[in-house]
$ cat structure-v9.cif   # mmCIF, C-alpha atoms
data_my_file
loop_
_atom_site.label_atom_id
_atom_site.label_comp_id
_atom_site.auth_asym_id
_atom_site.auth_seq_id
_atom_site.Cartn_x
_atom_site.Cartn_y
_atom_site.Cartn_z
CA MET A 14 -24.70 -74.23 5.35
CA TRP A 15 -27.70 -74.67 3.06
CA LEU A 16 -27.07 -73.88 -0.59
CA LEU A 17 -30.16 -72.88 -2.58
CA TYR A 18 -30.03 -73.17 -6.38
CA GLN A 19 -32.43 -70.62 -7.89
CA PHE A 20 -32.84 -67.62 -10.20
CA PRO A 21 -34.50 -64.25 -9.44
CA LEU A 22 -37.75 -64.90 -11.35
CA CYS A 23 -38.32 -68.52 -10.24
CA PRO A 24 -41.71 -68.41 -8.43
CA PHE A 25 -41.12 -71.75 -6.67
CA SER A 26 -37.76 -70.61 -5.28
CA ARG A 27 -39.41 -67.35 -4.19
CA LYS A 28 -42.11 -69.18 -2.21
CA LEU A 29 -39.42 -71.26 -0.50
CA ARG A 30 -37.20 -68.23 0.20
CA ILE A 31 -40.08 -66.36 1.87
CA LEU A 32 -40.68 -69.45 4.04
CA LEU A 33 -36.99 -69.73 4.97
CA ALA A 34 -36.91 -66.02 5.90
CA GLU A 35 -40.07 -66.36 8.02
CA LYS A 36 -38.49 -69.31 9.81
CA GLY A 37 -35.08 -67.65 10.15
CA VAL A 38 -33.27 -70.40 8.23
CA GLY A 39 -30.04 -69.08 6.67
CA TYR A 40 -28.92 -70.15 3.21
CA GLU A 41 -26.55 -69.15 0.45
CA PRO A 42 -28.32 -68.50 -2.85
CA ARG A 43 -26.61 -70.05 -5.87
CA ARG A 44 -27.64 -68.71 -9.25
CA GLU A 45 -28.90 -71.47 -11.55
CA SER A 46 -30.44 -70.95 -15.01
CA PRO A 47 -32.43 -74.15 -15.59
CA TRP A 48 -32.85 -73.35 -19.31
CA LEU A 49 -29.06 -73.89 -19.76
CA ARG A 50 -29.50 -77.53 -18.62
CA ARG A 51 -26.07 -77.59 -16.97
CA ASP A 52 -24.79 -81.17 -16.59
CA GLU A 53 -23.88 -80.86 -12.88
CA PHE A 54 -27.33 -79.45 -12.15
CA LEU A 55 -29.14 -82.22 -14.07
CA GLN A 56 -27.09 -84.75 -12.13
CA MET A 57 -28.44 -83.26 -8.90
CA ASN A 58 -31.99 -82.91 -10.21
CA PRO A 59 -32.94 -84.95 -13.28
CA ALA A 60 -36.15 -82.90 -13.54
CA GLY A 61 -33.93 -79.88 -14.26
CA GLN A 62 -35.97 -77.42 -12.17
CA THR A 63 -35.21 -74.93 -9.43
CA PRO A 64 -35.23 -74.79 -6.45
CA VAL A 65 -32.78 -77.43 -5.25
CA MET A 66 -31.29 -77.32 -1.74
CA VAL A 67 -28.08 -78.98 -0.65
CA ASN A 68 -26.52 -79.10 2.79
CA SER A 69 -22.84 -78.34 2.20
CA GLU A 70 -21.87 -79.98 5.49
CA ARG A 71 -23.53 -83.27 4.53
CA PRO A 72 -22.28 -84.02 1.02
CA ALA A 73 -23.53 -87.63 1.19
CA ALA A 74 -27.14 -86.57 1.83
CA LEU A 75 -29.55 -86.51 -1.12
CA PRO A 76 -30.17 -83.05 -2.61
CA MET A 77 -33.63 -81.74 -1.73
CA ILE A 78 -35.82 -81.26 -4.78
CA ASP A 79 -39.33 -79.92 -5.48
CA SER A 80 -40.38 -76.74 -3.71
CA MET A 81 -43.32 -78.28 -1.85
CA ALA A 82 -41.24 -81.26 -0.63
CA ILE A 83 -38.60 -78.78 0.63
CA CYS A 84 -41.22 -76.56 2.32
CA GLU A 85 -42.71 -79.62 4.07
CA TYR A 86 -39.19 -80.55 5.24
CA PHE A 87 -38.66 -77.16 6.91
CA GLU A 88 -42.20 -77.21 8.33
CA GLU A 89 -41.33 -80.54 9.97
CA THR A 90 -37.88 -79.55 11.22
CA VAL A 91 -38.26 -75.87 12.23
CA ASP A 92 -41.05 -74.96 14.66
CA LYS A 93 -40.84 -71.19 14.22
CA ALA A 94 -43.49 -69.50 12.07
CA SER A 95 -45.59 -72.57 11.20
CA MET A 96 -47.16 -72.14 7.77
CA LEU A 97 -49.06 -75.44 7.85
CA GLY A 98 -50.97 -74.94 11.07
CA GLY A 99 -54.41 -75.96 12.33
CA THR A 100 -56.23 -79.28 11.97
CA SER A 101 -55.55 -81.91 9.31
CA ALA A 102 -58.57 -80.55 7.39
CA ASP A 103 -57.10 -77.01 7.59
CA ARG A 104 -53.82 -78.36 6.24
CA ALA A 105 -55.66 -80.10 3.37
CA GLU A 106 -57.13 -76.71 2.39
CA ILE A 107 -53.69 -75.04 2.63
CA ARG A 108 -52.09 -77.76 0.48
CA ARG A 109 -54.93 -77.59 -2.08
CA LEU A 110 -54.32 -73.87 -2.53
CA VAL A 111 -50.54 -74.25 -2.74
CA THR A 112 -51.18 -76.67 -5.64
CA TRP A 113 -53.69 -74.19 -7.08
CA PHE A 114 -51.03 -71.47 -7.36
CA ASP A 115 -48.03 -73.71 -8.10
CA THR A 116 -49.87 -75.65 -10.80
CA PHE A 117 -52.76 -73.67 -12.29
CA PHE A 118 -51.70 -70.05 -11.73
CA TYR A 119 -48.21 -71.03 -12.91
CA ARG A 120 -49.48 -72.91 -15.98
CA ASP A 121 -51.95 -70.20 -17.06
CA ILE A 122 -50.06 -67.03 -16.14
CA THR A 123 -46.51 -67.20 -14.75
CA ALA A 124 -45.17 -69.82 -17.19
CA PRO A 125 -46.39 -68.11 -20.39
CA LEU A 126 -45.18 -64.70 -19.09
CA LEU A 127 -41.74 -66.16 -18.30
CA LYS A 128 -41.64 -67.79 -21.73
CA GLU A 129 -42.73 -64.69 -23.67
CA ARG A 130 -41.03 -61.93 -21.68
CA MET A 131 -37.91 -63.62 -20.26
CA GLU A 132 -36.95 -66.77 -22.18
CA LYS A 133 -37.67 -65.33 -25.63
CA ARG A 134 -35.51 -62.30 -24.83
CA LEU A 135 -32.73 -64.08 -22.97
CA VAL A 136 -32.43 -67.39 -24.80
CA LEU A 137 -34.42 -67.56 -28.01
CA ARG A 138 -33.92 -63.90 -29.08
CA GLU A 139 -37.45 -63.72 -30.48
CA SER A 140 -40.22 -61.17 -29.93
CA PRO A 141 -43.01 -62.10 -27.54
CA ASP A 142 -46.27 -63.45 -28.97
CA ALA A 143 -48.88 -60.75 -28.31
CA GLY A 144 -51.74 -63.27 -28.42
CA ARG A 145 -50.22 -65.48 -25.72
CA LEU A 146 -49.51 -62.43 -23.54
CA ARG A 147 -53.14 -61.31 -23.87
CA GLU A 148 -54.33 -64.79 -22.91
CA ALA A 149 -52.09 -64.85 -19.81
CA MET A 150 -53.35 -61.42 -18.73
CA LYS A 151 -56.95 -62.52 -19.22
CA ALA A 152 -56.26 -65.62 -17.14
CA ALA A 153 -54.75 -63.36 -14.44
CA VAL A 154 -58.04 -61.45 -14.17
CA ALA A 155 -59.94 -64.72 -13.61
CA HIS A 156 -57.39 -65.89 -11.02
CA LEU A 157 -57.50 -62.59 -9.11
CA ASP A 158 -61.31 -62.78 -9.13
CA TYR A 159 -60.84 -66.09 -7.32
CA THR A 160 -58.38 -64.67 -4.75
CA ASP A 161 -60.82 -61.74 -4.25
CA TYR A 162 -63.53 -64.31 -3.54
CA LEU A 163 -61.32 -66.25 -1.11
CA LEU A 164 -60.19 -63.08 0.72
CA ASP A 165 -63.74 -61.73 0.94
CA ASN A 166 -64.56 -64.81 3.00
CA ARG A 167 -61.31 -65.34 4.92
CA LYS A 168 -58.60 -63.21 6.44
CA TRP A 169 -55.86 -65.09 4.58
CA ILE A 170 -55.88 -67.21 1.40
CA ALA A 171 -56.52 -70.57 3.12
CA GLY A 172 -58.19 -69.52 6.38
CA SER A 173 -57.88 -67.36 9.48
CA THR A 174 -54.07 -67.43 9.69
CA ILE A 175 -51.24 -66.86 7.25
CA SER A 176 -50.04 -70.09 5.62
CA LEU A 177 -47.96 -71.57 2.84
CA ALA A 178 -50.90 -70.81 0.51
CA ASP A 179 -50.30 -67.05 1.01
CA LEU A 180 -46.60 -67.53 0.30
CA ALA A 181 -47.31 -69.56 -2.85
CA ALA A 182 -49.88 -67.00 -4.05
CA ALA A 183 -47.65 -63.99 -3.33
CA ALA A 184 -44.68 -65.66 -5.04
CA GLN A 185 -46.60 -66.39 -8.26
CA ILE A 186 -48.40 -63.03 -8.29
CA SER A 187 -45.16 -61.10 -7.71
CA ILE A 188 -43.41 -62.74 -10.67
CA ALA A 189 -46.45 -62.14 -12.87
CA ASP A 190 -46.48 -58.52 -11.63
CA TYR A 191 -42.74 -58.11 -12.33
CA LEU A 192 -43.43 -59.23 -15.90
CA GLY A 193 -46.31 -56.77 -16.34
CA GLY A 194 -49.06 -59.41 -16.31
CA ILE A 195 -51.22 -58.03 -13.48
CA ASP A 196 -53.80 -55.27 -13.83
CA TRP A 197 -54.64 -54.26 -10.27
CA LYS A 198 -57.77 -52.27 -11.01
CA SER A 199 -61.03 -53.85 -9.78
CA HIS A 200 -59.08 -56.24 -7.53
CA GLU A 201 -59.06 -54.13 -4.36
CA THR A 202 -59.30 -57.08 -1.97
CA THR A 203 -56.36 -58.99 -3.40
CA LYS A 204 -54.38 -55.74 -3.74
CA ARG A 205 -54.81 -54.95 -0.03
CA TRP A 206 -53.67 -58.46 0.90
CA TYR A 207 -50.72 -58.27 -1.53
CA VAL A 208 -49.53 -54.92 -0.12
CA GLY A 209 -49.53 -56.62 3.29
CA MET A 210 -47.47 -59.51 1.94
CA LYS A 211 -45.03 -57.13 0.21
CA SER A 212 -44.34 -55.26 3.43
CA ARG A 213 -43.28 -58.40 5.33
CA PRO A 214 -39.55 -58.43 6.16
CA SER A 215 -39.40 -61.95 4.68
CA PHE A 216 -40.56 -60.70 1.30
CA ARG A 217 -39.31 -57.12 0.83
CA PRO A 218 -35.65 -57.98 0.06
CA LEU A 219 -36.71 -60.31 -2.78
CA LEU A 220 -38.55 -57.43 -4.47
CA ALA A 221 -35.24 -55.57 -4.86
CA GLU A 222 -33.73 -58.36 -6.97
CA ARG A 223 -33.54 -57.91 -10.72
CA MET A 224 -33.26 -60.29 -13.63
CA GLU A 225 -30.76 -59.24 -16.30
CA VAL A 226 -32.35 -57.91 -19.52
CA VAL A 227 -35.91 -57.90 -18.09
CA SER A 228 -36.93 -54.93 -15.91
CA PRO A 229 -40.11 -54.70 -13.84
CA HIS A 230 -42.68 -51.90 -14.25
CA ALA A 231 -42.27 -48.72 -12.22
CA ASP A 232 -44.72 -49.57 -9.40
CA TYR A 233 -43.51 -53.15 -8.87
CA GLU A 234 -41.77 -52.48 -5.52
CA LYS A 235 -44.18 -49.80 -4.25
CA LEU A 236 -46.20 -50.44 -1.12
CA ASP A 237 -48.94 -47.97 -2.12
CA LEU A 238 -49.97 -49.37 -5.47
CA MET B 20 -69.24 -92.04 4.62
CA TRP B 21 -66.51 -90.71 2.34
CA LEU B 22 -67.58 -90.07 -1.24
CA LEU B 23 -64.78 -90.17 -3.81
CA TYR B 24 -65.35 -88.47 -7.18
CA GLN B 25 -63.22 -90.22 -9.81
CA PHE B 26 -63.16 -92.11 -13.12
CA PRO B 27 -61.50 -95.47 -13.89
CA LEU B 28 -58.48 -94.08 -15.78
CA CYS B 29 -57.69 -91.13 -13.46
CA PRO B 30 -54.12 -91.84 -12.26
CA PHE B 31 -54.41 -89.43 -9.32
CA SER B 32 -57.61 -91.09 -8.07
CA ARG B 33 -55.93 -94.47 -8.49
CA LYS B 34 -52.95 -93.46 -6.30
CA LEU B 35 -55.38 -92.25 -3.63
CA ARG B 36 -57.55 -95.38 -3.88
CA ILE B 37 -54.54 -97.67 -3.37
CA LEU B 38 -53.61 -95.61 -0.29
CA LEU B 39 -57.17 -95.81 1.10
CA ALA B 40 -57.22 -99.58 0.58
CA GLU B 41 -53.81 -99.99 2.28
CA LYS B 42 -55.11 -97.98 5.22
CA GLY B 43 -58.50 -99.72 5.31
CA VAL B 44 -60.47 -96.49 4.79
CA GLY B 45 -63.87 -97.19 3.25
CA TYR B 46 -65.39 -94.93 0.61
CA GLU B 47 -68.10 -94.86 -2.00
CA PRO B 48 -66.74 -94.17 -5.49
CA ARG B 49 -68.77 -91.64 -7.49
CA ARG B 50 -68.18 -91.57 -11.20
CA GLU B 51 -67.15 -88.12 -12.43
CA SER B 52 -66.05 -87.26 -15.99
CA PRO B 53 -64.07 -84.03 -15.56
CA TRP B 54 -64.13 -83.35 -19.31
CA LEU B 55 -67.91 -82.78 -19.09
CA ARG B 56 -67.25 -79.82 -16.72
CA ARG B 57 -70.46 -80.48 -14.77
CA ASP B 58 -71.60 -77.35 -12.90
CA GLU B 59 -72.06 -79.05 -9.51
CA PHE B 60 -68.57 -80.55 -9.78
CA LEU B 61 -66.96 -77.23 -10.71
CA GLN B 62 -68.69 -75.66 -7.74
CA MET B 63 -66.99 -78.23 -5.49
CA ASN B 64 -63.64 -77.96 -7.26
CA PRO B 65 -63.02 -74.89 -9.44
CA ALA B 66 -59.90 -76.63 -10.82
CA GLY B 67 -62.28 -79.20 -12.36
CA GLN B 68 -60.05 -82.21 -11.61
CA THR B 69 -60.54 -85.57 -9.95
CA PRO B 70 -60.16 -86.83 -7.26
CA VAL B 71 -62.39 -84.89 -4.87
CA MET B 72 -63.44 -86.35 -1.51
CA VAL B 73 -66.45 -85.31 0.51
CA ASN B 74 -67.60 -86.54 3.90
CA SER B 75 -71.35 -87.09 3.49
CA GLU B 76 -71.86 -86.85 7.26
CA ARG B 77 -70.26 -83.40 7.43
CA PRO B 78 -71.91 -81.40 4.65
CA ALA B 79 -70.56 -78.11 6.03
CA ALA B 80 -66.91 -79.24 5.75
CA LEU B 81 -64.90 -78.13 2.74
CA PRO B 82 -64.53 -80.75 0.00
CA MET B 83 -61.02 -82.22 -0.11
CA ILE B 84 -59.22 -81.46 -3.35
CA ASP B 85 -55.85 -82.35 -4.91
CA SER B 86 -54.67 -85.95 -4.63
CA MET B 87 -51.49 -85.16 -2.68
CA ALA B 88 -53.35 -82.91 -0.20
CA ILE B 89 -55.88 -85.73 0.35
CA CYS B 90 -53.13 -88.37 0.74
CA GLU B 91 -51.36 -86.16 3.32
CA TYR B 92 -54.69 -85.84 5.18
CA PHE B 93 -55.10 -89.61 5.50
CA GLU B 94 -51.42 -90.01 6.40
CA GLU B 95 -52.01 -87.57 9.26
CA THR B 96 -55.30 -89.03 10.46
CA VAL B 97 -54.90 -92.82 9.94
CA ASP B 98 -51.84 -94.50 11.50
CA LYS B 99 -52.22 -97.85 9.70
CA ALA B 100 -49.86 -98.53 6.75
CA SER B 101 -47.82 -95.32 6.86
CA MET B 102 -46.69 -94.38 3.37
CA LEU B 103 -44.69 -91.31 4.46
CA GLY B 104 -42.42 -92.94 7.01
CA GLY B 105 -38.84 -92.39 8.14
CA THR B 106 -37.00 -89.13 8.83
CA SER B 107 -37.93 -85.71 7.45
CA ALA B 108 -35.20 -86.18 4.81
CA ASP B 109 -36.71 -89.57 3.84
CA ARG B 110 -40.10 -87.87 3.51
CA ALA B 111 -38.59 -85.15 1.31
CA GLU B 112 -37.32 -87.87 -1.05
CA ILE B 113 -40.74 -89.60 -1.05
CA ARG B 114 -42.52 -86.30 -1.81
CA ARG B 115 -40.01 -85.42 -4.55
CA LEU B 116 -40.76 -88.72 -6.30
CA VAL B 117 -44.53 -88.37 -5.89
CA THR B 118 -44.19 -85.03 -7.71
CA TRP B 119 -41.93 -86.70 -10.28
CA PHE B 120 -44.67 -89.18 -11.24
CA ASP B 121 -47.68 -86.90 -10.71
CA THR B 122 -46.14 -84.05 -12.68
CA PHE B 123 -43.49 -85.26 -15.15
CA PHE B 124 -44.56 -88.84 -15.87
CA TYR B 125 -48.15 -87.56 -16.15
CA ARG B 126 -47.20 -84.63 -18.42
CA ASP B 127 -44.95 -86.68 -20.74
CA ILE B 128 -46.79 -90.00 -20.86
CA THR B 129 -50.15 -90.46 -19.11
CA ALA B 130 -51.71 -87.13 -20.18
CA PRO B 131 -50.92 -87.49 -23.92
CA LEU B 132 -52.05 -91.15 -23.86
CA LEU B 133 -55.33 -90.18 -22.17
CA LYS B 134 -55.81 -87.38 -24.70
CA GLU B 135 -55.04 -89.49 -27.78
CA ARG B 136 -56.54 -92.84 -26.79
CA MET B 137 -59.43 -91.88 -24.48
CA GLU B 138 -60.54 -88.26 -24.94
CA LYS B 139 -60.28 -88.27 -28.73
CA ARG B 140 -62.38 -91.43 -28.87
CA LEU B 141 -64.87 -90.56 -26.18
CA VAL B 142 -65.33 -86.80 -26.56
CA LEU B 143 -63.73 -85.38 -29.68
CA ARG B 144 -64.45 -88.37 -31.99
CA GLU B 145 -61.12 -87.92 -33.76
CA SER B 146 -58.37 -90.43 -34.56
CA PRO B 147 -55.29 -90.41 -32.34
CA ASP B 148 -52.20 -88.54 -33.53
CA ALA B 149 -49.58 -91.23 -34.28
CA GLY B 150 -46.70 -88.79 -33.76
CA ARG B 151 -47.84 -87.81 -30.27
CA LEU B 152 -48.34 -91.47 -29.33
CA ARG B 153 -44.82 -92.30 -30.49
CA GLU B 154 -43.43 -89.41 -28.43
CA ALA B 155 -45.28 -90.58 -25.30
CA MET B 156 -43.98 -94.13 -25.75
CA LYS B 157 -40.44 -92.84 -26.23
CA ALA B 158 -40.80 -90.79 -23.05
CA ALA B 159 -42.02 -93.93 -21.25
CA VAL B 160 -38.77 -95.72 -22.12
CA ALA B 161 -36.73 -92.87 -20.60
CA HIS B 162 -38.93 -92.82 -17.47
CA LEU B 163 -38.66 -96.60 -16.99
CA ASP B 164 -34.88 -96.33 -17.40
CA TYR B 165 -35.05 -93.95 -14.41
CA THR B 166 -37.22 -96.30 -12.30
CA ASP B 167 -34.82 -99.15 -13.23
CA TYR B 168 -31.96 -96.98 -11.94
CA LEU B 169 -33.82 -96.15 -8.72
CA LEU B 170 -34.81 -99.79 -8.10
CA ASP B 171 -31.28 -101.06 -8.84
CA ASN B 172 -30.14 -98.96 -5.87
CA ARG B 173 -33.12 -99.27 -3.51
CA LYS B 174 -35.70 -101.88 -2.60
CA TRP B 175 -38.59 -99.49 -3.27
CA ILE B 176 -38.90 -96.33 -5.39
CA ALA B 177 -37.97 -93.85 -2.63
CA GLY B 178 -35.94 -96.02 -0.23
CA SER B 179 -35.94 -99.19 1.85
CA THR B 180 -39.70 -99.30 2.53
CA ILE B 181 -42.82 -98.98 0.41
CA SER B 182 -44.12 -95.40 0.26
CA LEU B 183 -46.48 -93.02 -1.47
CA ALA B 184 -43.86 -92.78 -4.25
CA ASP B 185 -44.49 -96.46 -5.13
CA LEU B 186 -48.24 -95.84 -5.17
CA ALA B 187 -47.86 -92.75 -7.37
CA ALA B 188 -45.52 -94.60 -9.75
CA ALA B 189 -47.71 -97.72 -9.97
CA ALA B 190 -50.83 -95.60 -10.55
CA GLN B 191 -49.31 -93.65 -13.46
CA ILE B 192 -47.60 -96.71 -14.97
CA SER B 193 -50.78 -98.79 -14.76
CA ILE B 194 -52.84 -96.19 -16.65
CA ALA B 195 -50.10 -95.85 -19.28
CA ASP B 196 -50.00 -99.67 -19.50
CA TYR B 197 -53.82 -99.86 -19.84
CA LEU B 198 -53.53 -97.47 -22.79
CA GLY B 199 -50.78 -99.51 -24.46
CA GLY B 200 -47.99 -97.02 -23.77
CA ILE B 201 -45.54 -99.30 -21.96
CA ASP B 202 -43.10 -101.67 -23.64
CA TRP B 203 -41.84 -103.93 -20.86
CA LYS B 204 -38.88 -105.42 -22.66
CA SER B 205 -35.45 -104.37 -21.32
CA HIS B 206 -37.08 -103.04 -18.12
CA GLU B 207 -36.77 -106.20 -16.01
CA THR B 208 -36.16 -104.36 -12.73
CA THR B 209 -39.20 -102.11 -12.96
CA LYS B 210 -41.30 -105.03 -14.27
CA ARG B 211 -40.44 -107.16 -11.22
CA TRP B 212 -41.36 -104.30 -8.88
CA TYR B 213 -44.58 -103.63 -10.83
CA VAL B 214 -45.69 -107.28 -10.66
CA GLY B 215 -45.23 -107.00 -6.88
CA MET B 216 -47.38 -103.85 -6.80
CA LYS B 217 -50.06 -105.47 -8.99
CA SER B 218 -50.40 -108.43 -6.65
CA ARG B 219 -51.15 -106.27 -3.59
CA PRO B 220 -54.75 -106.65 -2.37
CA SER B 221 -54.99 -102.83 -2.39
CA PHE B 222 -54.28 -102.68 -6.11
CA ARG B 223 -55.65 -105.84 -7.73
CA PRO B 224 -59.36 -104.86 -7.67
CA LEU B 225 -58.60 -101.60 -9.53
CA LEU B 226 -57.05 -103.57 -12.39
CA ALA B 227 -60.42 -105.23 -13.06
CA GLU B 228 -62.11 -101.89 -13.75
CA ARG B 229 -62.77 -100.88 -17.33
CA MET B 230 -63.33 -97.58 -19.08
CA GLU B 231 -66.15 -97.61 -21.62
CA VAL B 232 -65.01 -97.56 -25.28
CA VAL B 233 -61.29 -98.04 -24.39
CA SER B 234 -60.08 -101.59 -23.63
CA PRO B 235 -56.70 -102.51 -22.22
CA HIS B 236 -54.27 -104.88 -23.95
CA ALA B 237 -54.51 -108.62 -23.26
CA ASP B 238 -51.71 -108.83 -20.63
CA TYR B 239 -52.75 -105.76 -18.64
CA GLU B 240 -54.09 -107.67 -15.61
CA LYS B 241 -51.62 -110.58 -15.74
CA LEU B 242 -49.22 -111.11 -12.86
CA ASP B 243 -46.68 -112.97 -15.04
CA LEU B 244 -46.02 -110.37 -17.71
#

$ encode --input "structure-v9.cif" --output "structure tokens"
Amino acid sequence: MWLLYQFPLCPFSRKLRILLAEKGVGYEPRRESPWLRRDEFLQMNPAGQTPVMVNSERPAALPMIDSMAICEYFEETVDKASMLGGTSADRAEIRRLVTWFDTFFYRDITAPLLKERMEKRLVLRESPDAGRLREAMKAAVAHLDYTDYLLDNRKWIAGSTISLADLAAAAQISIADYLGGIDWKSHETTKRWYVGMKSRPSFRPLLAERMEVVSPHADYEKLDL
Amino acid sequence: MWLLYQFPLCPFSRKLRILLAEKGVGYEPRRESPWLRRDEFLQMNPAGQTPVMVNSERPAALPMIDSMAICEYFEETVDKASMLGGTSADRAEIRRLVTWFDTFFYRDITAPLLKERMEKRLVLRESPDAGRLREAMKAAVAHLDYTDYLLDNRKWIAGSTISLADLAAAAQISIADYLGGIDWKSHETTKRWYVGMKSRPSFRPLLAERMEVVSPHADYEKLDL
């Protein structure tokens, strides 16, 4: 059995969980709060980040660490629902856009929202910084302009078929949306694509999960935004 | 002909250039200073980062962006000198460690050194912040303790054969070393491995390159540290 260490608002775990559901790979989620820096978790992953996957039947095997490395592993080992399809050039474009969302969208939007609206409430017991929230929401507008541009020219984020780039984008956007960082008006193209992603059986169950203390806005789960 | 947009102290371009040399892929380096945010470059790569690779014979093809995406492309298309070998689990460990160096070593060590010792001199015309330099050098000690630990248990960074993880590690460490951020004493294991990396024909020519205004320390190119 695969054990998956994660928490409900971890965008990297969410991307991986959508992939596992698409591929029909079963796993047991294990709640991990990386901000607690639990010794046993740091021993598994010195970087201290979720997700981490462990095969409970192979205790001698190395834990799998880093969401992209884990996604590549399941792409290589499970044929069903390939999310890195096409030519090598197509895959380069998919991987570029996964990095785009995992690195830049996360840095500019998801990370500051998690810091201000989750960590400050849960751990630091401080009020959020209104200036940093405004900056993150401004960055979200620029990022959704870019996804609008991509989706005006392609059916899916990285090309003509769904790929890991769509999963990475939907994962980051959904956490930012949970935390009230997305203003959907004037982003019709991305909204239409996102409603499609939300209605996938791989994704819908994740939208029902809640993080203690932090609630999403009223329309977060809705399919007709 | 492949064109490679980069600058001499870009650790991500350096990792890619070592890979291309190992594989015998020719390219024409094009000097790009990402901090200038040149319009034509931002049009190619909205993330504004090096490296970017373009095939001059296929102007309609998308530019290739993100060093890991580009490395995966050449792994897939050029058999020679595989740097992502072994089983899928072996590859997961290689990719984890590439992320370790590209993300954490870069964030804690290479990025602050580049900011304080290159960007402040070249662009901002300010003096470096001694506190931030001390922090980066302290982080380097902790990171080299980790590479010592890895190399005490394995022949190469990610396992029994050389891989992209060694290239990523050597690229980051060499830029940090150029900028005076590495204290080699009490890191014999990593030093021995690094001397081996330095003497590879794929790597040696890069050590002769210089960045204007910023010079490396006297032992930077030496093979007997």

$ resolve_selection --input "structure-v9.cif" --expression "the PyMOL selection byres ((chain A) within 12 of (chain B))" --output "ChimeraX atom specification"
/A:58-62,64-68,74-91,97,100-118,121,155-156,159,171-172

$ calpha_fit_rmsd --input "structure-v9.cif" --fixed "chain A" --moving "chain B"
0.0 Å

$ resolve_selection --input "structure-v9.cif" --expression "the PyMOL selection byres ((chain B and resi 26) around 7)" --output "PyMOL selection string"
chain B and resi 25+27-29+50-52

$ atom_distance --input "structure-v9.cif" --atom1 "atom CA of A:Glu132" --atom2 "atom CA of A:Leu192"
11.8 Å

$ atom_distance --input "structure-v9.cif" --atom1 "atom CA of B:Arg144" --atom2 "atom CA of B:Leu132"
15.1 Å

$ residues_near_point --input "structure-v9.cif" --point "(-58.6, -98.7, 4.9)" --cutoff "12 Å" --atoms "all atoms listed in the file" --output "number ranges by chain"
B: 21, 35-46, 93-94, 96-101, 220-221

$ resolve_selection --input "structure-v9.cif" --expression "the PyMOL selection byres ((chain B and resi 160) around 12)" --output "list of chain:residue names"
B:Phe124, B:Asp127, B:Ile128, B:Arg153, B:Glu154, B:Ala155, B:Met156, B:Lys157, B:Ala158, B:Ala159, B:Ala161, B:His162, B:Leu163, B:Asp164, B:Tyr165, B:Thr166, B:Asp167, B:Ile192, B:Ala195, B:Gly200, B:Ile201, B:Asp202, B:Trp203, B:Lys204, B:Ser205, B:His206, B:Thr209

$ closest_residue --input "structure-v9.cif" --among "A:Gln56, A:Ser140, A:Ser212, A:Thr63" --to "A:Asp237" --atoms "all atoms listed in the file"
A:Ser212

$ closest_atom_pairs --input "structure-v9.cif" --of "stretch 108-138 of chain B" --to "stretch 226-232 of chain B" --cutoff "12 Å" --atoms "all atoms listed in the file" --output "JSON lines"
{"residue": "B:Leu133", "atom": "CA", "partner": "B:Met230", "partner_atom": "CA", "distance": 11.3}
{"residue": "B:Arg136", "atom": "CA", "partner": "B:Val232", "partner_atom": "CA", "distance": 9.8}
{"residue": "B:Met137", "atom": "CA", "partner": "B:Val232", "partner_atom": "CA", "distance": 8.0}
{"residue": "B:Glu138", "atom": "CA", "partner": "B:Val232", "partner_atom": "CA", "distance": 10.3}

$ atom_distance --input "structure-v9.cif" --atom1 "atom CA of B:Glu135" --atom2 "atom CA of B:Trp54"
13.9 Å

$ axis_aligned_box --input "structure-v9.cif" --around "stretch 168-180 of chain B" --padding-each-side "4 Å" --output "JSON"
{"center_x": -34.9, "center_y": -97.9, "center_z": -4.7, "size_x": 17.6, "size_y": 16.0, "size_z": 22.5}

$ closest_residue --input "structure-v9.cif" --among "A:Tyr18, A:Arg71, A:Met96, A:Phe25" --to "A:Ser173" --atoms "all atoms listed in the file"
A:Met96

$ residues_around --input "structure-v9.cif" --residues "A:Ile188" --least-positions-apart "3" --cutoff "7 Å" --atoms "all atoms listed in the file" --output "list in words"
Leu22, Pro24, Thr123, Ala184, Gln185, Tyr191 and Leu192 of chain A

$ build_atoms --input "structure-v9.cif" --residues "stretch 221-226 of chain A" --atoms "N, CA and C atoms" --output "PDB file, in the frame of the given file"
ATOM      1  N   ALA A 221     -36.330 -56.418  -4.364  1.00  0.00           N
ATOM      2  CA  ALA A 221     -35.240 -55.570  -4.860  1.00  0.00           C
ATOM      3  C   ALA A 221     -34.380 -56.296  -5.896  1.00  0.00           C
ATOM      4  N   GLU A 222     -34.556 -57.609  -6.018  1.00  0.00           N
ATOM      5  CA  GLU A 222     -33.730 -58.360  -6.970  1.00  0.00           C
ATOM      6  C   GLU A 222     -34.186 -58.126  -8.404  1.00  0.00           C
ATOM      7  N   ARG A 223     -33.237 -58.132  -9.309  1.00  0.00           N
ATOM      8  CA  ARG A 223     -33.540 -57.910 -10.720  1.00  0.00           C
ATOM      9  C   ARG A 223     -32.985 -59.046 -11.565  1.00  0.00           C
ATOM     10  N   MET A 224     -33.703 -59.306 -12.643  1.00  0.00           N
ATOM     11  CA  MET A 224     -33.260 -60.290 -13.630  1.00  0.00           C
ATOM     12  C   MET A 224     -32.609 -59.517 -14.758  1.00  0.00           C
ATOM     13  N   GLU A 225     -31.415 -59.947 -15.200  1.00  0.00           N
ATOM     14  CA  GLU A 225     -30.760 -59.240 -16.300  1.00  0.00           C
ATOM     15  C   GLU A 225     -31.685 -59.202 -17.519  1.00  0.00           C
ATOM     16  N   VAL A 226     -31.593 -58.124 -18.278  1.00  0.00           N
ATOM     17  CA  VAL A 226     -32.350 -57.910 -19.520  1.00  0.00           C
ATOM     18  C   VAL A 226     -33.829 -57.561 -19.302  1.00  0.00           C
TER      19      VAL A 226
END
